Amino acid sequence: MEQQKLPNVTIAIVLAILSYLCCCFGGLPATILAGIAFFLVYRDENKYKENPELYSNYSQLKTAKILAIIGLALGIIYFAYVIYSISSIGGWEAYMEQVNEMREQWEQ
């Protein structure tokens with residue numbers, strides 16, 4: 001019997017890598033993308049467990065799972081940091097002022 005590739009591994013890797021790039025947008029997009037990637041990995045992992053000799057790219061699946069877990073953890077940590085920053089500074093307006101000051105310093 002010819003071995004097949006698990007169907008969602010590539011898209012899960014792409015979503016997990018995109019979750020790293022989206023961490024700077026408040027953590028929520030990173031958490032969503034990594035969560036979707038983790039869900040796809042979970043589905044493929046169940047397919048692999050049903051019939052392991054049918055699929056050939058299990059090592060890529062493990063890589064996607066690790067990337068998704070790290071992206072999920074980073075997204076949650078950064079999202080918690082943003083929530084903490086907003087609440088400790090004094091609200092959304094004060095947080096946005098701080099972000100604008102940081103952006104102005106970066107542009108110089």
# chains A, B, ... in the order shown; residues from 1 in each chain; ligands from 1
>>> select_by_dssp(residues="range 1-103 of chain A", states="helix (DSSP H, G or I)", output="PDB file with C-alpha atoms, in the first residue's frame")
ATOM      1  CA  VAL A   9       0.261  19.314   8.273  1.00  0.00           C
ATOM      2  CA  THR A  10       1.449  21.991   5.859  1.00  0.00           C
ATOM      3  CA  ILE A  11      -1.318  24.454   6.684  1.00  0.00           C
ATOM      4  CA  ALA A  12      -0.775  23.830  10.394  1.00  0.00           C
ATOM      5  CA  ILE A  13       2.923  24.695  10.042  1.00  0.00           C
ATOM      6  CA  VAL A  14       2.086  27.850   8.100  1.00  0.00           C
ATOM      7  CA  LEU A  15      -0.494  28.931  10.689  1.00  0.00           C
ATOM      8  CA  ALA A  16       1.906  28.233  13.546  1.00  0.00           C
ATOM      9  CA  ILE A  17       4.635  30.321  11.921  1.00  0.00           C
ATOM     10  CA  LEU A  18       2.150  33.129  11.233  1.00  0.00           C
ATOM     11  CA  SER A  19       1.192  33.044  14.893  1.00  0.00           C
ATOM     12  CA  TYR A  20       4.780  34.024  15.757  1.00  0.00           C
ATOM     13  CA  LEU A  21       4.544  36.996  13.427  1.00  0.00           C
ATOM     14  CA  CYS A  22       1.183  38.060  14.866  1.00  0.00           C
ATOM     15  CA  CYS A  23       2.356  38.138  18.476  1.00  0.00           C
ATOM     16  CA  CYS A  24       3.118  41.855  18.138  1.00  0.00           C
ATOM     17  CA  PHE A  25      -0.578  42.612  17.483  1.00  0.00           C
ATOM     18  CA  LEU A  28      -4.957  37.629  20.318  1.00  0.00           C
ATOM     19  CA  PRO A  29      -4.356  36.958  16.595  1.00  0.00           C
ATOM     20  CA  ALA A  30      -1.402  34.738  17.511  1.00  0.00           C
ATOM     21  CA  THR A  31      -3.556  32.789  19.942  1.00  0.00           C
ATOM     22  CA  ILE A  32      -6.287  32.313  17.339  1.00  0.00           C
ATOM     23  CA  LEU A  33      -3.902  31.189  14.572  1.00  0.00           C
ATOM     24  CA  ALA A  34      -1.979  28.839  16.863  1.00  0.00           C
ATOM     25  CA  GLY A  35      -5.255  27.452  18.214  1.00  0.00           C
ATOM     26  CA  ILE A  36      -6.450  26.660  14.703  1.00  0.00           C
ATOM     27  CA  ALA A  37      -3.084  25.055  13.900  1.00  0.00           C
ATOM     28  CA  PHE A  38      -3.243  22.982  17.079  1.00  0.00           C
ATOM     29  CA  PHE A  39      -6.778  21.845  16.201  1.00  0.00           C
ATOM     30  CA  LEU A  40      -5.647  20.751  12.721  1.00  0.00           C
ATOM     31  CA  VAL A  41      -2.687  18.895  14.216  1.00  0.00           C
ATOM     32  CA  TYR A  42      -5.000  17.173  16.697  1.00  0.00           C
ATOM     33  CA  ARG A  43      -7.260  15.973  13.872  1.00  0.00           C
ATOM     34  CA  ASP A  44      -4.332  14.650  11.833  1.00  0.00           C
ATOM     35  CA  GLU A  45      -2.845  13.008  14.897  1.00  0.00           C
ATOM     36  CA  ASN A  46      -6.077  11.079  15.395  1.00  0.00           C
ATOM     37  CA  LYS A  47      -6.005   9.985  11.733  1.00  0.00           C
ATOM     38  CA  TYR A  48      -2.436   8.808  12.154  1.00  0.00           C
ATOM     39  CA  LYS A  49      -3.272   6.845  15.308  1.00  0.00           C
ATOM     40  CA  GLU A  50      -6.074   5.002  13.479  1.00  0.00           C
ATOM     41  CA  PRO A  52      -0.092   4.664  11.228  1.00  0.00           C
ATOM     42  CA  GLU A  53       1.326   2.630   8.351  1.00  0.00           C
ATOM     43  CA  LEU A  54      -0.761   4.612   5.846  1.00  0.00           C
ATOM     44  CA  TYR A  58       4.463  12.042  11.069  1.00  0.00           C
ATOM     45  CA  SER A  59       7.708  13.892  11.864  1.00  0.00           C
ATOM     46  CA  GLN A  60       6.296  16.997  10.183  1.00  0.00           C
ATOM     47  CA  LEU A  61       3.164  16.570  12.281  1.00  0.00           C
ATOM     48  CA  LYS A  62       5.244  16.566  15.459  1.00  0.00           C
ATOM     49  CA  THR A  63       7.040  19.711  14.273  1.00  0.00           C
ATOM     50  CA  ALA A  64       3.725  21.429  13.565  1.00  0.00           C
ATOM     51  CA  LYS A  65       2.456  20.451  17.007  1.00  0.00           C
ATOM     52  CA  ILE A  66       5.514  21.907  18.736  1.00  0.00           C
ATOM     53  CA  LEU A  67       5.287  25.129  16.705  1.00  0.00           C
ATOM     54  CA  ALA A  68       1.575  25.451  17.482  1.00  0.00           C
ATOM     55  CA  ILE A  69       2.103  24.919  21.214  1.00  0.00           C
ATOM     56  CA  ILE A  70       4.895  27.515  21.335  1.00  0.00           C
ATOM     57  CA  GLY A  71       2.813  29.999  19.300  1.00  0.00           C
ATOM     58  CA  LEU A  72      -0.174  29.415  21.559  1.00  0.00           C
ATOM     59  CA  ALA A  73       1.912  29.929  24.691  1.00  0.00           C
ATOM     60  CA  LEU A  74       3.530  33.112  23.345  1.00  0.00           C
ATOM     61  CA  GLY A  75       0.179  34.496  22.224  1.00  0.00           C
ATOM     62  CA  ILE A  76      -1.460  33.845  25.593  1.00  0.00           C
ATOM     63  CA  ILE A  77       1.480  35.303  27.521  1.00  0.00           C
ATOM     64  CA  TYR A  78       1.591  38.431  25.370  1.00  0.00           C
ATOM     65  CA  PHE A  79      -2.193  38.837  25.511  1.00  0.00           C
ATOM     66  CA  ALA A  80      -2.069  38.581  29.312  1.00  0.00           C
ATOM     67  CA  TYR A  81       0.722  41.179  29.336  1.00  0.00           C
ATOM     68  CA  VAL A  82      -1.338  43.571  27.221  1.00  0.00           C
ATOM     69  CA  ILE A  83      -4.374  43.154  29.493  1.00  0.00           C
ATOM     70  CA  TYR A  84      -2.154  43.717  32.545  1.00  0.00           C
ATOM     71  CA  SER A  85      -0.585  46.800  30.934  1.00  0.00           C
ATOM     72  CA  ILE A  86      -3.953  48.289  30.075  1.00  0.00           C
ATOM     73  CA  SER A  87      -5.314  47.728  33.558  1.00  0.00           C
ATOM     74  CA  SER A  88      -2.205  48.927  35.423  1.00  0.00           C
ATOM     75  CA  ILE A  89      -1.603  52.088  33.372  1.00  0.00           C
ATOM     76  CA  TRP A  92      -7.091  52.197  27.074  1.00  0.00           C
ATOM     77  CA  GLU A  93      -6.256  55.871  26.420  1.00  0.00           C
ATOM     78  CA  ALA A  94      -3.172  55.782  28.641  1.00  0.00           C
ATOM     79  CA  TYR A  95      -2.061  52.532  27.018  1.00  0.00           C
ATOM     80  CA  MET A  96      -2.411  54.007  23.530  1.00  0.00           C
ATOM     81  CA  GLU A  97      -0.417  57.070  24.606  1.00  0.00           C
ATOM     82  CA  GLN A  98       2.364  54.789  25.786  1.00  0.00           C
ATOM     83  CA  VAL A  99       2.275  52.843  22.515  1.00  0.00           C
ATOM     84  CA  ASN A 100       2.446  56.090  20.508  1.00  0.00           C
ATOM     85  CA  GLU A 101       5.422  57.297  22.560  1.00  0.00           C
ATOM     86  CA  MET A 102       7.215  54.012  21.947  1.00  0.00           C
ATOM     87  CA  ARG A 103       6.458  54.252  18.219  1.00  0.00           C
TER      88      ARG A 103
END
